[in-house]
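This is query_15.cif. It holds mmCIF, C-alpha atoms and all ligand atoms.
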```cif
data_start
#
loop_
_atom_site.label_atom_id
_atom_site.label_comp_id
_atom_site.auth_asym_id
_atom_site.auth_seq_id
_atom_site.Cartn_x
_atom_site.Cartn_y
_atom_site.Cartn_z
CA MET A 510 -176.78 115.02 -25.67
CA PRO A 511 -179.96 114.18 -23.73
CA THR A 512 -179.54 114.12 -19.97
CA PRO A 513 -179.13 110.49 -18.93
CA HIS A 514 -182.08 109.03 -17.02
CA LEU A 515 -184.30 111.99 -17.84
CA THR A 516 -185.23 110.62 -21.22
CA THR A 517 -188.04 108.26 -22.10
CA LEU A 518 -187.84 105.78 -24.96
CA PHE A 519 -190.64 104.20 -26.98
CA VAL A 520 -190.39 101.17 -29.25
CA SER A 521 -192.85 98.73 -30.82
CA ASP A 522 -193.15 96.07 -33.50
CA ILE A 523 -189.77 94.49 -32.93
CA HIS A 524 -191.27 91.11 -33.84
CA LEU A 525 -188.52 89.10 -32.17
CA HIS A 526 -188.14 85.58 -33.51
CA PRO A 527 -185.19 83.17 -33.61
CA SER A 528 -185.29 83.25 -37.42
CA ARG A 529 -184.25 86.95 -37.33
CA PRO A 530 -181.05 86.89 -35.27
CA LEU A 531 -179.90 90.33 -36.47
CA THR A 532 -183.05 91.95 -35.12
CA ALA A 533 -182.55 90.16 -31.81
CA ARG A 534 -178.94 91.38 -31.70
CA LEU A 535 -180.00 94.94 -32.50
CA PHE A 536 -182.57 94.81 -29.73
CA GLY A 537 -179.94 93.53 -27.30
CA GLU A 538 -177.65 96.40 -28.30
CA PHE A 539 -180.53 98.84 -27.88
CA LEU A 540 -181.20 97.58 -24.34
CA ALA A 541 -177.53 97.73 -23.38
CA GLY A 542 -177.04 101.12 -25.06
CA PRO A 543 -179.76 103.79 -25.42
CA ALA A 544 -182.23 102.08 -23.06
CA ALA A 545 -179.62 101.76 -20.32
CA GLN A 546 -179.09 105.54 -20.58
CA ALA A 547 -182.80 106.38 -20.39
CA GLY A 548 -185.05 106.78 -17.39
CA ALA A 549 -187.84 104.65 -18.79
CA LEU A 550 -188.59 102.36 -21.71
CA TYR A 551 -192.09 101.85 -23.05
CA ILE A 552 -192.64 98.85 -25.31
CA LEU A 553 -195.89 99.49 -27.20
CA GLY A 554 -196.65 95.97 -28.36
CA ASP A 555 -195.45 93.28 -30.76
CA LEU A 556 -192.14 92.84 -28.99
CA PHE A 557 -192.42 89.22 -30.08
CA ASP A 558 -193.36 87.82 -33.45
CA ALA A 559 -195.98 85.93 -31.43
CA TRP A 560 -196.49 84.99 -27.79
CA ALA A 561 -198.42 81.79 -27.21
CA GLY A 562 -198.89 82.21 -23.46
CA ASP A 563 -196.55 82.65 -20.51
CA ASP A 564 -195.40 79.02 -20.72
CA ASP A 565 -193.61 80.30 -23.86
CA LEU A 566 -191.01 81.46 -21.30
CA GLY A 567 -189.70 77.91 -21.40
CA ASP A 568 -188.34 78.69 -24.86
CA ALA A 569 -184.64 79.63 -24.64
CA PHE A 570 -184.94 82.49 -27.13
CA ASN A 571 -187.90 84.04 -25.31
CA ALA A 572 -186.23 83.53 -21.94
CA GLY A 573 -183.11 85.31 -23.21
CA VAL A 574 -185.12 88.33 -24.33
CA CYS A 575 -186.92 88.47 -20.98
CA ALA A 576 -183.65 88.17 -19.06
CA ALA A 577 -182.19 91.10 -21.01
CA LEU A 578 -185.19 93.24 -20.09
CA LYS A 579 -184.86 92.13 -16.49
CA ARG A 580 -181.24 93.28 -16.38
CA LEU A 581 -182.40 96.71 -17.52
CA ALA A 582 -185.14 96.83 -14.89
CA GLU A 583 -182.75 95.67 -12.17
CA ALA A 584 -180.34 98.44 -13.17
CA GLY A 585 -183.08 100.88 -12.17
CA ARG A 586 -184.72 101.65 -15.51
CA ARG A 587 -188.51 101.55 -15.53
CA VAL A 588 -189.81 99.19 -18.20
CA PHE A 589 -193.44 99.30 -19.32
CA PHE A 590 -195.29 97.04 -21.72
CA ILE A 591 -198.53 97.56 -23.63
CA PRO A 592 -199.66 94.42 -25.47
CA GLY A 593 -199.81 94.24 -29.25
CA ASN A 594 -201.90 92.04 -31.50
CA ARG A 595 -199.05 89.50 -31.56
CA ASP A 596 -198.33 89.36 -27.83
CA PHE A 597 -201.51 90.23 -25.96
CA LEU A 598 -201.25 86.89 -24.13
CA VAL A 599 -198.38 88.13 -21.95
CA ALA A 600 -199.36 87.97 -18.29
CA ASP A 601 -197.98 87.83 -14.77
CA ARG A 602 -195.15 85.37 -15.41
CA PHE A 603 -193.91 87.52 -18.28
CA ALA A 604 -194.05 90.59 -16.02
CA ALA A 605 -192.08 88.78 -13.32
CA ALA A 606 -189.49 87.48 -15.81
CA THR A 607 -188.89 90.91 -17.34
CA GLY A 608 -189.45 93.29 -14.44
CA ALA A 609 -191.82 95.15 -16.77
CA THR A 610 -195.02 96.80 -15.63
CA LEU A 611 -197.94 95.74 -17.81
CA LEU A 612 -200.17 98.65 -18.81
CA ALA A 613 -203.71 98.69 -20.18
CA ASP A 614 -204.27 98.74 -23.97
CA GLU A 615 -204.79 102.50 -23.92
CA THR A 616 -202.92 104.32 -21.17
CA VAL A 617 -202.38 108.03 -20.62
CA VAL A 618 -199.00 108.85 -19.12
CA ASP A 619 -197.50 112.23 -18.27
CA ILE A 620 -194.40 112.24 -20.48
CA HIS A 621 -192.18 115.08 -19.31
CA GLY A 622 -195.17 117.31 -18.66
CA VAL A 623 -197.33 116.31 -21.65
CA PRO A 624 -200.24 113.91 -21.06
CA THR A 625 -199.70 111.34 -23.79
CA LEU A 626 -201.91 108.47 -24.93
CA LEU A 627 -199.88 105.29 -25.41
CA LEU A 628 -201.36 102.38 -27.37
CA HIS A 629 -200.34 99.65 -29.80
CA GLY A 630 -202.41 101.22 -32.57
CA ASP A 631 -204.48 98.31 -33.84
CA THR A 632 -207.62 99.69 -32.21
CA LEU A 633 -207.34 102.75 -34.48
CA CYS A 634 -207.53 100.59 -37.63
CA THR A 635 -211.30 100.41 -37.55
CA ASP A 636 -211.74 100.05 -41.34
CA ASP A 637 -210.22 96.56 -41.14
CA ARG A 638 -213.46 94.93 -40.04
CA ALA A 639 -212.14 91.36 -40.41
CA TYR A 640 -209.31 92.18 -38.04
CA GLN A 641 -211.54 94.01 -35.55
CA ASP A 642 -213.94 91.04 -35.45
CA PHE A 643 -210.99 88.71 -34.93
CA ARG A 644 -209.64 91.01 -32.22
CA ALA A 645 -212.94 91.06 -30.34
CA MET A 646 -212.95 87.27 -30.39
CA VAL A 647 -209.39 86.68 -29.15
CA ARG A 648 -209.51 89.46 -26.54
CA ALA A 649 -212.49 87.82 -24.79
CA ARG A 650 -211.50 86.18 -21.51
CA ALA A 651 -213.46 82.98 -22.21
CA TRP A 652 -211.78 82.55 -25.60
CA GLN A 653 -208.35 83.05 -24.06
CA GLU A 654 -208.99 80.54 -21.28
CA GLU A 655 -210.02 77.96 -23.85
CA PHE A 656 -207.04 78.75 -26.07
CA LEU A 657 -204.54 78.63 -23.20
CA ALA A 658 -205.95 75.29 -22.00
CA GLN A 659 -204.51 73.66 -25.15
CA PRO A 660 -200.96 72.26 -25.16
CA LEU A 661 -198.25 74.77 -26.10
CA ALA A 662 -197.39 72.85 -29.27
CA VAL A 663 -201.00 73.01 -30.45
CA ARG A 664 -201.17 76.74 -29.72
CA ARG A 665 -197.93 77.36 -31.59
CA ALA A 666 -199.20 75.46 -34.62
CA GLU A 667 -202.45 77.44 -34.63
CA ILE A 668 -200.51 80.69 -34.34
CA ALA A 669 -198.18 79.70 -37.20
CA SER A 670 -201.20 79.01 -39.38
CA LEU A 671 -202.78 82.30 -38.40
CA ARG A 672 -199.55 84.21 -39.06
CA GLU A 673 -199.45 82.79 -42.60
CA ARG A 674 -203.08 83.73 -43.08
CA SER A 675 -202.39 87.22 -41.77
CA GLU A 676 -199.41 87.78 -44.08
CA ALA A 677 -201.41 86.50 -47.08
CA GLY A 678 -204.29 88.78 -46.10
CA LYS A 679 -202.02 91.81 -45.87
CA ARG A 680 -200.86 91.23 -49.46
CA VAL A 681 -204.41 91.65 -50.75
CA LYS A 682 -206.01 94.05 -48.26
CA PRO A 683 -205.94 97.65 -49.58
CA GLN A 684 -203.21 99.72 -47.91
CA ALA A 685 -205.69 102.39 -46.76
CA LEU A 686 -207.81 99.74 -45.02
CA MET A 687 -204.84 98.74 -42.87
CA ASP A 688 -204.01 102.30 -41.79
CA VAL A 689 -205.62 104.18 -38.94
CA ASN A 690 -209.09 105.62 -39.40
CA GLU A 691 -208.95 109.40 -38.90
CA THR A 692 -212.27 109.45 -37.03
CA ALA A 693 -210.96 106.80 -34.65
CA VAL A 694 -207.85 108.95 -34.09
CA GLN A 695 -209.95 112.04 -33.31
CA GLN A 696 -212.16 109.98 -30.99
CA ALA A 697 -209.11 108.67 -29.14
CA TYR A 698 -207.77 112.21 -28.58
CA ALA A 699 -211.19 113.29 -27.30
CA ALA A 700 -211.92 110.22 -25.16
CA HIS A 701 -208.59 110.50 -23.36
CA GLN A 702 -208.45 114.31 -23.40
CA VAL A 703 -204.92 114.42 -24.77
CA THR A 704 -203.22 116.28 -27.60
CA ARG A 705 -200.44 113.73 -28.10
CA MET A 706 -200.44 110.01 -28.82
CA ILE A 707 -197.72 107.49 -29.57
CA HIS A 708 -198.42 104.13 -31.21
CA GLY A 709 -197.07 101.50 -33.57
CA HIS A 710 -198.69 98.60 -35.44
CA THR A 711 -199.09 100.16 -38.90
CA HIS A 712 -195.32 100.19 -39.52
CA ARG A 713 -195.71 103.62 -41.13
CA GLN A 714 -193.22 105.68 -39.16
CA ALA A 715 -194.38 109.27 -39.08
CA ARG A 716 -195.03 112.37 -37.03
CA HIS A 717 -198.53 113.59 -37.88
CA ARG A 718 -199.49 117.07 -36.76
CA HIS A 719 -202.94 118.65 -36.93
CA GLY A 720 -202.94 122.00 -35.16
CA SER A 721 -201.92 121.34 -31.58
CA PHE A 722 -202.43 117.56 -31.98
CA GLU A 723 -199.46 115.31 -32.50
CA ARG A 724 -199.41 111.59 -33.38
CA TRP A 725 -196.14 109.70 -33.49
CA VAL A 726 -196.15 106.36 -35.33
CA LEU A 727 -193.24 104.12 -34.37
CA PRO A 728 -191.27 102.13 -36.95
CA ASP A 729 -191.15 98.34 -37.01
CA TRP A 730 -187.80 96.58 -36.72
CA ASP A 731 -188.15 94.29 -39.73
CA ALA A 732 -185.99 96.58 -41.89
CA SER A 733 -184.08 99.06 -39.77
CA GLY A 734 -185.67 99.57 -36.38
CA GLY A 735 -185.71 102.76 -34.39
CA ALA A 736 -187.09 104.37 -31.28
CA LEU A 737 -188.72 107.59 -30.19
CA LEU A 738 -186.92 109.57 -27.53
CA CYS A 739 -188.80 112.13 -25.42
CA ASP A 740 -187.46 114.54 -22.82
CA GLU A 741 -188.23 117.98 -21.45
CA SER A 742 -187.73 119.55 -24.88
CA GLY A 743 -190.10 117.22 -26.76
CA CYS A 744 -189.75 114.05 -28.83
CA ARG A 745 -187.42 113.05 -31.64
CA TRP A 746 -186.44 109.94 -33.56
CA LEU A 747 -183.56 107.79 -32.51
CA ALA A 748 -182.34 105.95 -35.59
CA PHE A 749 -179.92 103.06 -35.54
CA PRO A 750 -176.69 103.09 -37.53
CA THR A 751 -176.98 99.53 -38.77
CA ARG A 752 -179.68 98.10 -40.98
CA VAL A 753 -181.28 94.83 -40.02
CA GLY A 754 -182.07 93.82 -43.60
CA ALA A 755 -183.76 90.47 -43.86
CA GLY A 756 -182.12 89.31 -40.65
O1 LIG B 1 -199.82 90.82 -37.20
P1 LIG B 1 -199.82 91.34 -38.58
O2 LIG B 1 -199.06 92.61 -38.74
O3 LIG B 1 -199.40 90.29 -39.59
O4 LIG B 1 -201.34 91.66 -39.01
C1 LIG B 1 -202.28 92.24 -38.14
C2 LIG B 1 -203.55 91.42 -38.14
N1 LIG B 1 -203.23 89.99 -37.88
C3 LIG B 1 -203.25 89.48 -36.64
C4 LIG B 1 -202.92 88.01 -36.52
C5 LIG B 1 -201.53 87.84 -35.98
O5 LIG B 1 -200.56 88.19 -36.94
C6 LIG B 1 -201.30 86.38 -35.59
C7 LIG B 1 -200.49 86.24 -34.36
C8 LIG B 1 -201.36 86.21 -33.15
C9 LIG B 1 -200.63 85.67 -31.94
C10 LIG B 1 -201.53 85.78 -30.76
C11 LIG B 1 -201.75 84.48 -30.09
C12 LIG B 1 -203.18 84.16 -29.76
C13 LIG B 1 -204.12 84.07 -30.94
C14 LIG B 1 -204.07 82.74 -31.61
C15 LIG B 1 -205.29 82.44 -32.42
C16 LIG B 1 -205.25 81.07 -33.07
O6 LIG B 1 -203.47 90.13 -35.64
C17 LIG B 1 -204.28 91.51 -39.45
C18 LIG B 1 -204.46 92.96 -39.83
C19 LIG B 1 -203.10 93.64 -39.86
O7 LIG B 1 -202.53 93.56 -38.57
C20 LIG B 1 -203.15 95.11 -40.26
O8 LIG B 1 -203.82 95.85 -39.25
O9 LIG B 1 -205.07 93.05 -41.10
O10 LIG B 1 -205.57 90.96 -39.28
C21 LIG B 1 -205.78 89.65 -39.67
O11 LIG B 1 -204.97 89.00 -40.28
C22 LIG B 1 -207.13 89.09 -39.25
C23 LIG B 1 -207.87 88.48 -40.41
O12 LIG B 1 -208.26 89.49 -41.32
C24 LIG B 1 -209.06 87.66 -39.91
C25 LIG B 1 -208.61 86.32 -39.38
C26 LIG B 1 -209.79 85.47 -38.96
C27 LIG B 1 -209.26 84.15 -38.45
C28 LIG B 1 -210.32 83.41 -37.68
C29 LIG B 1 -209.86 82.00 -37.30
C30 LIG B 1 -209.07 82.00 -36.00
C31 LIG B 1 -208.54 80.64 -35.63
C32 LIG B 1 -207.39 80.18 -36.48
C33 LIG B 1 -206.70 78.97 -35.95
C34 LIG B 1 -205.73 78.39 -36.92
MN MN B 2 -199.21 94.96 -34.42
#
```

Represent the supplied structure as structure tokens.
Amino acid sequence: MPTPHLTTLFVSDIHLHPSRPLTARLFGEFLAGPAAQAGALYILGDLFDAWAGDDDLGDAFNAGVCAALKRLAEAGRRVFFIPGNRDFLVADRFAAATGATLLADETVVDIHGVPTLLLHGDTLCTDDRAYQDFRAMVRARAWQEEFLAQPLAVRRAEIASLRERSEAGKRVKPQALMDVNETAVQQAYAAHQVTRMIHGHTHRQARHRHGSFERWVLPDWDASGGALLCDESGCRWLAFPTRVGAG
């Protein structure tokens, strides 16, 4: 058994949405169970299916998720959030509602003695030029100010259309194009001077090892969910007993 409060948990790609109540329930159970036993929880992006801006907190489903995170933070667990490509519009009101500390896209954290690069993972997928061009556009401050100036309903409709377009695109984009680019991975290790990184986004759960380098890819929660648990002795997968299925 890991020592309570001396463990660190990592999750990503939970894609919470009211249409997937079983995933939301599993996440609630995860917060009340394993996360409540850990010292810290890092959410590495795509907690939500999509986040239209912090006025999305007015939505009862979103508010419920944020309140559950806040309970964890108020119980003394540190909660950290790195934005994903679905929820990079989270800002100060989200941080206040959850008690989470927002971290930069690529952040190095000392995880039980090992400097570890934490990131969503989309920046490593450099072969997907259409996505990287799109990312550069929507991550620009001016674009975001213009987008957020629109009514919430308009933003939600645009996002719904974009989500459909994204899912259709993923059905025809070659699988290799949507995975990480190995050169980008090596550059990230070098730029941040680390030998370990943890990310999500590709939904290809794995532990990749190259010599002394280690890259953990977190699972998404669309099928079964899961988390990575790290402590003094290293990292290992935390699987969940129940499958989410299509829920
Ligand atoms: O998210 P996922 O896993 O399906 O796919 C990603 C990439 N897709 C995206 C788009 C998101 O899914 C949509 C949700 C965004 C919510 C953020 C809110 C603010 C933005 C709102 C803008 C209107 O990130 C997908 C990758 C895939 O990962 C694998 O890595 O391939 O990339 C794309 O789908 C991008 C397309 O290839 C290019 C799209 C160009 C669209 C330009 C028009 C934008 C305006 C549309 C308004 C209706
Ligand atoms: Mn993602």

List as a PDB file with C-alpha atoms, in the frame of the given file the protein and nucleic acid residues lying within 6 Å of ligand LIG 1 (chain B), with only C-alpha atoms and all ligand atoms counted.
```
ATOM      1  CA  ALA A 559    -195.980  85.930 -31.430  1.00  0.00           C
ATOM      2  CA  TRP A 560    -196.490  84.990 -27.790  1.00  0.00           C
ATOM      3  CA  ALA A 561    -198.420  81.790 -27.210  1.00  0.00           C
ATOM      4  CA  ASN A 594    -201.900  92.040 -31.500  1.00  0.00           C
ATOM      5  CA  ARG A 595    -199.050  89.500 -31.560  1.00  0.00           C
ATOM      6  CA  ASP A 596    -198.330  89.360 -27.830  1.00  0.00           C
ATOM      7  CA  ASP A 631    -204.480  98.310 -33.840  1.00  0.00           C
ATOM      8  CA  ALA A 639    -212.140  91.360 -40.410  1.00  0.00           C
ATOM      9  CA  TYR A 640    -209.310  92.180 -38.040  1.00  0.00           C
ATOM     10  CA  PHE A 643    -210.990  88.710 -34.930  1.00  0.00           C
ATOM     11  CA  GLU A 667    -202.450  77.440 -34.630  1.00  0.00           C
ATOM     12  CA  ILE A 668    -200.510  80.690 -34.340  1.00  0.00           C
ATOM     13  CA  SER A 670    -201.200  79.010 -39.380  1.00  0.00           C
ATOM     14  CA  LEU A 671    -202.780  82.300 -38.400  1.00  0.00           C
ATOM     15  CA  ARG A 672    -199.550  84.210 -39.060  1.00  0.00           C
ATOM     16  CA  SER A 675    -202.390  87.220 -41.770  1.00  0.00           C
ATOM     17  CA  GLU A 676    -199.410  87.780 -44.080  1.00  0.00           C
ATOM     18  CA  GLY A 678    -204.290  88.780 -46.100  1.00  0.00           C
ATOM     19  CA  LYS A 679    -202.020  91.810 -45.870  1.00  0.00           C
ATOM     20  CA  MET A 687    -204.840  98.740 -42.870  1.00  0.00           C
TER      21      MET A 687
END
```

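Shortest atom-to-atom contact with ligand MN 2 (chain B) among A:Leu550, A:Leu628, A:Ala677, A:Ala666: A:Leu628, counting all atoms listed in the file.
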
Any idea what's packed within 12 Å of Ala604 of chain A, counting all atoms listed in the file, ignoring anything in its chain fewer than 6 positions away? Could you give it as a PyMOL selection string?
-> chain A and resi 563+566+575-576+578-579+582+588-592+598+610-612

Hey, which residues come within 6 Å of ligand MN 2 (chain B) if we count only C-alpha atoms and all ligand atoms? Could you give them as number ranges by chain?
-> A: 555, 593-594, 710

Rounded to one decimal place, report the atom CA of Ala649 of chain A-atom CA of Glu615 of chain A distance in Å.
-> 16.6 Å

Which polymer residues have any atom within 8 Å of an atom of segment 518-524 of chain A, counting only C-alpha atoms, with same-chain residues fewer than 5 positions away left out, as a PyMOL selection string?
-> chain A and resi 532+536+544+547+549-559+629+708-710+712+727-731+734-739
